[in-house]
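**Q** Got my_file-v8.json for you, JSON, C-alpha atoms:
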[["chain", "number", "residue", "atom", "x", "y", "z"],
["A", 1, "GLY", "CA", -37.34, -37.10, 46.32],
["A", 2, "LEU", "CA", -36.77, -33.38, 46.87],
["A", 3, "GLY", "CA", -34.73, -34.17, 49.99],
["A", 4, "ASP", "CA", -32.22, -36.15, 47.93],
["A", 5, "VAL", "CA", -31.98, -33.33, 45.38],
["A", 6, "TYR", "CA", -31.31, -30.79, 48.10],
["A", 7, "LYS", "CA", -28.63, -32.99, 49.67],
["A", 8, "ARG", "CA", -26.82, -33.36, 46.35],
["A", 9, "GLN", "CA", -26.98, -29.61, 45.73],
["A", 10, "ILE", "CA", -25.65, -28.87, 49.20],
["A", 11, "CYS", "CA", -22.81, -31.38, 48.73],
["A", 12, "PHE", "CA", -21.83, -29.82, 45.42],
["A", 13, "TRP", "CA", -21.86, -26.18, 46.53],
["A", 14, "VAL", "CA", -20.15, -26.87, 49.87],
["A", 15, "VAL", "CA", -17.38, -28.92, 48.23],
["A", 16, "TRP", "CA", -16.84, -26.30, 45.52],
["A", 17, "GLY", "CA", -16.85, -23.43, 48.02],
["A", 18, "THR", "CA", -14.41, -25.27, 50.29],
["A", 19, "ALA", "CA", -12.13, -26.05, 47.33],
["A", 20, "LYS", "CA", -12.15, -22.37, 46.36],
["A", 21, "LEU", "CA", -10.83, -21.54, 49.82],
["A", 22, "LEU", "CA", -8.45, -24.43, 50.51],
["A", 23, "VAL", "CA", -7.22, -25.80, 47.15],
["A", 24, "ARG", "CA", -4.57, -23.30, 46.13],
["A", 25, "ASP", "CA", -3.59, -25.07, 42.90],
["A", 26, "LYS", "CA", -6.21, -23.81, 40.45],
["A", 27, "THR", "CA", -5.24, -26.43, 37.85],
["A", 28, "ILE", "CA", -6.62, -29.29, 39.98],
["A", 29, "ARG", "CA", -9.64, -27.54, 41.48],
["A", 30, "GLY", "CA", -12.25, -28.66, 38.95],
["A", 31, "ALA", "CA", -11.09, -32.28, 39.03],
["A", 32, "PHE", "CA", -10.99, -32.21, 42.85],
["A", 33, "VAL", "CA", -14.57, -30.95, 43.14],
["A", 34, "GLN", "CA", -16.01, -33.36, 40.58],
["A", 35, "SER", "CA", -14.19, -36.35, 42.10],
["A", 36, "SER", "CA", -15.35, -35.41, 45.60],
["A", 37, "PHE", "CA", -19.10, -35.24, 44.99],
["A", 38, "ARG", "CA", -19.89, -37.40, 41.95],
["A", 39, "GLY", "CA", -20.43, -41.07, 42.70],
["A", 40, "SER", "CA", -21.23, -44.13, 40.63],
["A", 41, "ALA", "CA", -24.96, -43.99, 41.33],
["A", 42, "ALA", "CA", -26.06, -45.91, 38.24],
["A", 43, "VAL", "CA", -23.75, -48.93, 38.36],
["A", 44, "MET", "CA", -23.13, -49.26, 42.10],
["A", 45, "GLY", "CA", -26.63, -48.18, 43.08],
["A", 46, "LEU", "CA", -28.44, -50.71, 40.91],
["A", 47, "ALA", "CA", -26.10, -53.50, 41.99],
["A", 48, "PHE", "CA", -26.57, -52.85, 45.72],
["A", 49, "ILE", "CA", -30.33, -52.34, 45.58],
["A", 50, "GLN", "CA", -30.91, -55.44, 43.43],
["A", 51, "ASN", "CA", -28.66, -57.61, 45.61],
["A", 52, "ILE", "CA", -30.27, -56.49, 48.86],
["A", 53, "TYR", "CA", -33.91, -55.89, 47.88],
["A", 54, "GLY", "CA", -34.30, -57.53, 44.46],
["A", 55, "SER", "CA", -36.33, -55.83, 41.76],
["A", 56, "SER", "CA", -37.17, -52.28, 42.84],
["A", 57, "ALA", "CA", -38.36, -49.00, 41.38],
["A", 58, "MET", "CA", -35.76, -47.10, 43.41],
["A", 59, "GLY", "CA", -32.87, -47.98, 41.11],
["A", 60, "PRO", "CA", -34.28, -46.50, 37.88],
["A", 61, "LEU", "CA", -35.75, -43.58, 39.83],
["A", 62, "MET", "CA", -32.35, -42.84, 41.36],
["A", 63, "ILE", "CA", -30.67, -42.90, 37.94],
["A", 64, "VAL", "CA", -33.25, -40.58, 36.37],
["A", 65, "SER", "CA", -32.97, -38.08, 39.25],
["A", 66, "ALA", "CA", -29.31, -38.32, 40.26],
["A", 67, "VAL", "CA", -27.31, -38.93, 37.09],
["A", 68, "PRO", "CA", -28.49, -35.88, 35.09],
["A", 69, "LEU", "CA", -27.98, -33.66, 38.14],
["A", 70, "TYR", "CA", -24.47, -35.03, 38.70],
["A", 71, "ASN", "CA", -23.62, -34.39, 35.06],
["A", 72, "ILE", "CA", -25.00, -30.86, 35.08],
["A", 73, "PHE", "CA", -22.98, -30.01, 38.19],
["A", 74, "SER", "CA", -19.88, -31.61, 36.68],
["A", 75, "VAL", "CA", -20.21, -29.62, 33.46],
["A", 76, "ILE", "CA", -20.62, -26.40, 35.46],
["A", 77, "VAL", "CA", -17.55, -26.88, 37.66],
["A", 78, "LEU", "CA", -15.36, -28.26, 34.87],
["A", 79, "THR", "CA", -16.30, -25.35, 32.61],
["A", 80, "PHE", "CA", -15.63, -22.68, 35.23],
["A", 81, "GLU", "CA", -12.44, -24.31, 36.53],
["A", 82, "ALA", "CA", -10.99, -25.42, 33.17],
["A", 83, "ASN", "CA", -7.29, -24.74, 32.79],
["A", 84, "ASP", "CA", -7.85, -22.72, 29.62],
["A", 85, "SER", "CA", -10.59, -20.49, 31.09],
["A", 86, "THR", "CA", -8.31, -17.81, 32.56],
["A", 87, "GLY", "CA", -9.30, -14.37, 31.31],
["A", 88, "ILE", "CA", -12.73, -15.47, 30.08],
["A", 89, "ASP", "CA", -15.54, -13.33, 31.52],
["A", 90, "LYS", "CA", -18.33, -14.88, 33.59],
["A", 91, "LYS", "CA", -21.02, -14.38, 30.95],
["A", 92, "ALA", "CA", -18.96, -16.35, 28.43],
["A", 93, "LYS", "CA", -18.39, -19.11, 31.00],
["A", 94, "ILE", "CA", -22.11, -19.31, 31.79],
["A", 95, "ARG", "CA", -22.94, -19.47, 28.09],
["A", 96, "GLN", "CA", -20.31, -22.17, 27.53],
["A", 97, "ALA", "CA", -21.58, -24.15, 30.52],
["A", 98, "GLY", "CA", -25.10, -24.05, 29.08],
["A", 99, "ILE", "CA", -23.85, -25.27, 25.69],
["A", 100, "ASN", "CA", -21.82, -28.06, 27.34],
["A", 101, "ILE", "CA", -24.85, -29.19, 29.36],
["A", 102, "CYS", "CA", -27.00, -29.37, 26.20],
["A", 103, "LYS", "CA", -24.24, -31.34, 24.44],
["A", 104, "ASN", "CA", -23.51, -33.75, 27.32],
["A", 105, "PRO", "CA", -23.94, -37.29, 25.90],
["A", 106, "ILE", "CA", -25.09, -38.84, 29.20],
["A", 107, "ILE", "CA", -27.86, -36.27, 29.65],
["A", 108, "LEU", "CA", -28.90, -36.66, 26.00],
["A", 109, "SER", "CA", -28.94, -40.45, 26.39],
["A", 110, "ILE", "CA", -31.19, -40.31, 29.45],
["A", 111, "LEU", "CA", -33.56, -37.91, 27.69],
["A", 112, "ALA", "CA", -33.67, -40.21, 24.65],
["A", 113, "GLY", "CA", -34.37, -43.20, 26.91],
["A", 114, "LEU", "CA", -37.19, -41.35, 28.69],
["A", 115, "ILE", "CA", -38.79, -40.44, 25.36],
["A", 116, "VAL", "CA", -38.56, -44.05, 24.17],
["A", 117, "GLY", "CA", -40.04, -45.31, 27.46],
["A", 118, "LEU", "CA", -42.89, -42.79, 27.52],
["A", 119, "LEU", "CA", -43.80, -43.49, 23.90],
["A", 120, "GLY", "CA", -43.68, -47.24, 24.52],
["A", 121, "ILE", "CA", -41.36, -47.87, 21.57],
["A", 122, "GLN", "CA", -40.26, -51.51, 21.32],
["A", 123, "PHE", "CA", -36.97, -52.37, 19.60],
["A", 124, "PRO", "CA", -36.13, -55.73, 18.01],
["A", 125, "MET", "CA", -34.44, -58.29, 20.27],
["A", 126, "LEU", "CA", -31.18, -57.87, 18.34],
["A", 127, "VAL", "CA", -31.05, -54.16, 19.20],
["A", 128, "ASN", "CA", -31.97, -54.74, 22.86],
["A", 129, "LYS", "CA", -29.34, -57.45, 23.24],
["A", 130, "THR", "CA", -26.65, -55.30, 21.64],
["A", 131, "VAL", "CA", -27.46, -52.31, 23.85],
["A", 132, "SER", "CA", -27.48, -54.56, 26.94],
["A", 133, "ASN", "CA", -24.05, -56.00, 26.07],
["A", 134, "VAL", "CA", -22.59, -52.53, 25.49],
["A", 135, "ALA", "CA", -24.04, -51.32, 28.80],
["A", 136, "GLN", "CA", -22.49, -54.24, 30.71],
["A", 137, "MET", "CA", -19.13, -53.56, 29.07],
["A", 138, "ALA", "CA", -19.06, -49.78, 29.65],
["A", 139, "THR", "CA", -17.84, -49.58, 33.25],
["A", 140, "PRO", "CA", -15.24, -52.42, 33.08],
["A", 141, "LEU", "CA", -13.87, -50.94, 29.85],
["A", 142, "ALA", "CA", -13.67, -47.48, 31.41],
["A", 143, "LEU", "CA", -11.78, -48.88, 34.42],
["A", 144, "ILE", "CA", -9.39, -50.75, 32.10],
["A", 145, "THR", "CA", -8.76, -47.52, 30.20],
["A", 146, "ILE", "CA", -8.09, -45.62, 33.41],
["A", 147, "GLY", "CA", -5.75, -48.36, 34.62],
["A", 148, "ALA", "CA", -3.87, -48.42, 31.31],
["A", 149, "GLY", "CA", -3.36, -44.66, 31.39],
["A", 150, "PHE", "CA", -2.64, -44.47, 35.13],
["A", 151, "GLU", "CA", 0.69, -42.78, 35.80],
["A", 152, "GLY", "CA", 1.96, -43.76, 39.23],
["A", 153, "ARG", "CA", 4.60, -41.07, 39.66],
["A", 154, "LYS", "CA", 2.27, -38.25, 38.69],
["A", 155, "ALA", "CA", -0.44, -39.70, 40.93],
["A", 156, "LEU", "CA", 1.93, -39.93, 43.91],
["A", 157, "ALA", "CA", 2.78, -36.26, 43.46],
["A", 158, "LYS", "CA", -0.91, -35.52, 44.08],
["A", 159, "ILE", "CA", -1.46, -37.95, 46.94],
["A", 160, "ALA", "CA", -2.69, -35.24, 49.35],
["A", 161, "PRO", "CA", -5.61, -33.96, 47.21],
["A", 162, "THR", "CA", -6.34, -37.57, 46.18],
["A", 163, "MET", "CA", -6.79, -38.69, 49.79],
["A", 164, "ALA", "CA", -8.73, -35.54, 50.67],
["A", 165, "ALA", "CA", -11.17, -36.03, 47.79],
["A", 166, "SER", "CA", -11.50, -39.75, 48.62],
["A", 167, "MET", "CA", -12.31, -39.05, 52.27],
["A", 168, "ILE", "CA", -14.91, -36.45, 51.29],
["A", 169, "LYS", "CA", -16.49, -38.90, 48.85],
["A", 170, "LEU", "CA", -16.53, -42.03, 51.01],
["A", 171, "VAL", "CA", -16.63, -40.81, 54.62],
["A", 172, "LEU", "CA", -17.45, -37.14, 55.14],
["A", 173, "GLN", "CA", -20.58, -36.88, 52.95],
["A", 174, "PRO", "CA", -22.36, -39.92, 54.47],
["A", 175, "LEU", "CA", -21.19, -38.92, 57.95],
["A", 176, "VAL", "CA", -22.95, -35.57, 57.58],
["A", 177, "PHE", "CA", -26.06, -36.48, 55.58],
["A", 178, "LEU", "CA", -27.02, -40.02, 56.67],
["A", 179, "PRO", "CA", -28.09, -38.78, 60.13],
["A", 180, "VAL", "CA", -30.15, -36.09, 58.35],
["A", 181, "ALA", "CA", -31.77, -38.78, 56.17],
["A", 182, "ALA", "CA", -32.54, -40.87, 59.26],
["A", 183, "TRP", "CA", -34.05, -37.84, 61.01],
["A", 184, "MET", "CA", -36.23, -37.22, 57.93],
["A", 185, "GLY", "CA", -37.58, -40.78, 58.20],
["A", 186, "PHE", "CA", -35.83, -42.53, 55.32],
["A", 187, "SER", "CA", -35.23, -46.28, 55.68],
["A", 188, "GLY", "CA", -34.97, -49.50, 53.69],
["A", 189, "GLU", "CA", -34.19, -49.24, 49.98],
["A", 190, "LYS", "CA", -34.55, -45.45, 50.09],
["A", 191, "MET", "CA", -31.78, -45.28, 52.66],
["A", 192, "ILE", "CA", -29.61, -47.57, 50.52],
["A", 193, "ALA", "CA", -30.21, -45.29, 47.53],
["A", 194, "ILE", "CA", -29.17, -42.26, 49.58],
["A", 195, "LEU", "CA", -26.08, -44.10, 50.85],
["A", 196, "ILE", "CA", -25.02, -45.01, 47.32],
["A", 197, "MET", "CA", -25.45, -41.46, 46.07],
["A", 198, "LEU", "CA", -23.39, -40.15, 48.98],
["A", 199, "ALA", "CA", -20.73, -42.81, 49.52],
["A", 200, "SER", "CA", -20.19, -44.74, 46.29],
["A", 201, "PRO", "CA", -16.76, -44.55, 44.61],
["A", 202, "THR", "CA", -16.11, -41.82, 42.07],
["A", 203, "THR", "CA", -17.61, -42.81, 38.72],
["A", 204, "PRO", "CA", -15.19, -43.62, 35.85],
["A", 205, "SER", "CA", -16.98, -41.15, 33.56],
["A", 206, "CYS", "CA", -15.40, -38.36, 35.64],
["A", 207, "TYR", "CA", -12.07, -39.21, 33.98],
["A", 208, "ILE", "CA", -13.43, -38.82, 30.45],
["A", 209, "MET", "CA", -15.18, -35.55, 31.27],
["A", 210, "ALA", "CA", -12.17, -34.08, 33.09],
["A", 211, "LYS", "CA", -9.83, -34.94, 30.23],
["A", 212, "SER", "CA", -12.14, -33.73, 27.47],
["A", 213, "MET", "CA", -12.88, -30.44, 29.28],
["A", 214, "ASN", "CA", -9.25, -29.56, 29.98],
["A", 215, "ASN", "CA", -9.17, -30.39, 33.69],
["A", 216, "ASP", "CA", -6.74, -32.58, 35.64],
["A", 217, "GLU", "CA", -7.28, -36.16, 34.46],
["A", 218, "VAL", "CA", -4.34, -37.48, 36.54],
["A", 219, "LEU", "CA", -5.94, -36.44, 39.83],
["A", 220, "THR", "CA", -9.32, -37.70, 38.62],
["A", 221, "ALA", "CA", -7.92, -41.13, 37.71],
["A", 222, "SER", "CA", -6.10, -41.30, 41.04],
["A", 223, "VAL", "CA", -9.30, -40.57, 42.99],
["A", 224, "ILE", "CA", -11.28, -43.13, 40.96],
["A", 225, "VAL", "CA", -8.68, -45.82, 41.67],
["A", 226, "THR", "CA", -8.43, -44.93, 45.37],
["A", 227, "THR", "CA", -12.18, -44.70, 46.02],
["A", 228, "THR", "CA", -12.86, -47.91, 44.09],
["A", 229, "LEU", "CA", -10.38, -49.78, 46.31],
["A", 230, "MET", "CA", -11.46, -48.14, 49.57],
["A", 231, "ALA", "CA", -15.21, -48.43, 48.92],
["A", 232, "ALA", "CA", -15.05, -52.19, 49.48],
["A", 233, "PHE", "CA", -14.42, -51.39, 53.14],
["A", 234, "THR", "CA", -16.26, -48.09, 53.65],
["A", 235, "LEU", "CA", -19.53, -49.09, 51.94],
["A", 236, "THR", "CA", -19.55, -52.40, 53.82],
["A", 237, "GLY", "CA", -19.04, -50.48, 57.04],
["A", 238, "TRP", "CA", -21.86, -48.03, 56.33],
["A", 239, "ILE", "CA", -24.27, -50.83, 55.40],
["A", 240, "PHE", "CA", -23.35, -52.76, 58.56],
["A", 241, "LEU", "CA", -23.92, -49.61, 60.66],
["A", 242, "LEU", "CA", -27.30, -48.88, 59.05],
["A", 243, "LYS", "CA", -28.38, -52.51, 59.50],
["A", 244, "THR", "CA", -27.26, -52.52, 63.15],
["A", 245, "LEU", "CA", -29.21, -49.31, 63.82],
["A", 246, "GLY", "CA", -32.29, -50.77, 62.13],
["A", 247, "TYR", "CA", -32.54, -48.41, 59.17],
["A", 248, "ILE", "CA", -32.19, -51.19, 56.60],
["A", 249, "ALA", "CA", -33.10, -54.88, 56.67],
["A", 250, "VAL", "CA", -31.06, -57.28, 54.57],
["A", 251, "SER", "CA", -33.02, -60.23, 53.20],
["A", 252, "TYR", "CA", -30.63, -63.17, 53.49],
["A", 253, "THR", "CA", -33.17, -65.45, 51.78],
["A", 254, "HIS", "CA", -33.13, -63.15, 48.75],
["A", 255, "LEU", "CA", -29.33, -62.96, 48.81],
["A", 256, "ARG", "CA", -29.02, -66.77, 48.74],
["A", 257, "ALA", "CA", -31.53, -67.02, 45.91],
["A", 258, "HIS", "CA", -29.69, -64.29, 43.99],
["A", 259, "GLU", "CA", -26.34, -66.04, 44.42],
["A", 260, "THR", "CA", -27.87, -69.32, 43.23]]
Render the structure in this file as structure tokens.

**A**
Amino acid sequence: GLGDVYKRQICFWVVWGTAKLLVRDKTIRGAFVQSSFRGSAAVMGLAFIQNIYGSSAMGPLMIVSAVPLYNIFSVIVLTFEANDSTGIDKKAKIRQAGINICKNPIILSILAGLIVGLLGIQFPMLVNKTVSNVAQMATPLALITIGAGFEGRKALAKIAPTMAASMIKLVLQPLVFLPVAAWMGFSGEKMIAILIMLASPTTPSCYIMAKSMNNDEVLTASVIVTTTLMAAFTLTGWIFLLKTLGYIAVSYTHLRAHET
């Protein structure tokens, strides 16, 4: 809904504004901002909603609304904070950001999928199966690539911004906006969707975008690794808190059937 869109916009602009003031190293600023606000809404969101509530319209709706917005914001900050953008005037940066948004493969893919869905185009089973297999392989392959290219010494040198970005992503955002969502009357699968958008680990696609747009891929990889490990505890804690307070209801019958 519009409330979710406003929350994501506020998160983005507040994180970027704070980074402008507090992150003195300009070379890591773009990567820091992207890693702090952009979560794995598609993969983590669908998994959590399907495991807790089963088949739901919230998962696809969340992807259609959240993922393009995350990518647009990422392109904007990575374009303006790129390490090779010094001396480029603002008009040129705005023009380049617009071009990068139009060329973003994730946004183009979602638009293509929407067109196919609206037109009711049916592909052969062979095509559907191939696309499904590639989709299931995308995130694990991205994590393997990040792990293979992970440089421990360089990551340790940036442990402070890594932990700061991780805390913003997993703790600070939900701490600020979940009470607002509760006050606005959100509950159930809608609350889970909001939680995932706010507190899911940093998505692996941040690494590819940061590297391809001349931002700090080392910091990005470090935040992805850290948030992925920490989210096992923080997301569980948030879900337990929301369940205890009565904002979500976990169907244990559905969970047992799903596991079977």

**Q** Calculate how many Å separate CA of Val15 (chain A) from CA of Ala148 (chain A), rounding to one decimal.

**A**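 Interatomic distance here is 29.1 Å.
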
**Q** If I take CA of Ile248 (chain A) and CA of Ser187 (chain A), how far is one from the other in Å, to one decimal?

**A**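 Interatomic distance, CA of Ile248 (chain A) to CA of Ser187 (chain A): 5.8 Å.
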
**Q** Go ahead and compute the interatomic distance for CA of Gln136 (chain A) and CA of Leu114 (chain A), in Å to one decimal.

**A** 19.7 Å

**Q** Any idea what's packed within 9 Å of Ala82 (chain A), counting only C-alpha atoms, ignoring anything in its chain fewer than 4 positions away? Could you give it as a ChimeraX atom specification?

**A** /A:26-30,77-78,86,210,213-216

**Q** Need to verify the contact set: region 165-168 of chain A, 12 Å, all atoms listed in the file, exclusion of same-chain residues closer than 5 positions in sequence. Can you return it as an MDAnalysis selection string?

**A** chainID A and resid 11:12 14:16 18:19 23 28:39 158:160 173:177 198:202 219:231 234

**Q** Could you pull the residues within 10 Å of Pro68 (chain A), counting all atoms listed in the file, minus those fewer than 4 positions along the same chain, as a ChimeraX atom specification?

**A** /A:63-64,72-74,101,104,106-111

**Q** Check the smallest atom-to-atom distance from each of A:Leu126, A:Ile192, A:Ala142, A:Ile208 to Lys243 (chain A) using only C-alpha atoms, then report the winner.

**A** A:Ile192

**Q** Residues within 12 Å of Phe186 (chain A), please, as a list in words. Count all atoms listed in the file; anything in the same chain fewer than 4 positions from it doesn't count.

**A** Gly1, Gly3, Asp4, Phe177, Leu178, Pro179, Val180, Ala181, Ala182, Lys190, Met191, Ile192, Ala193, Ile194, Leu195, Leu242, Gly246, Tyr247 and Ile248 of chain A
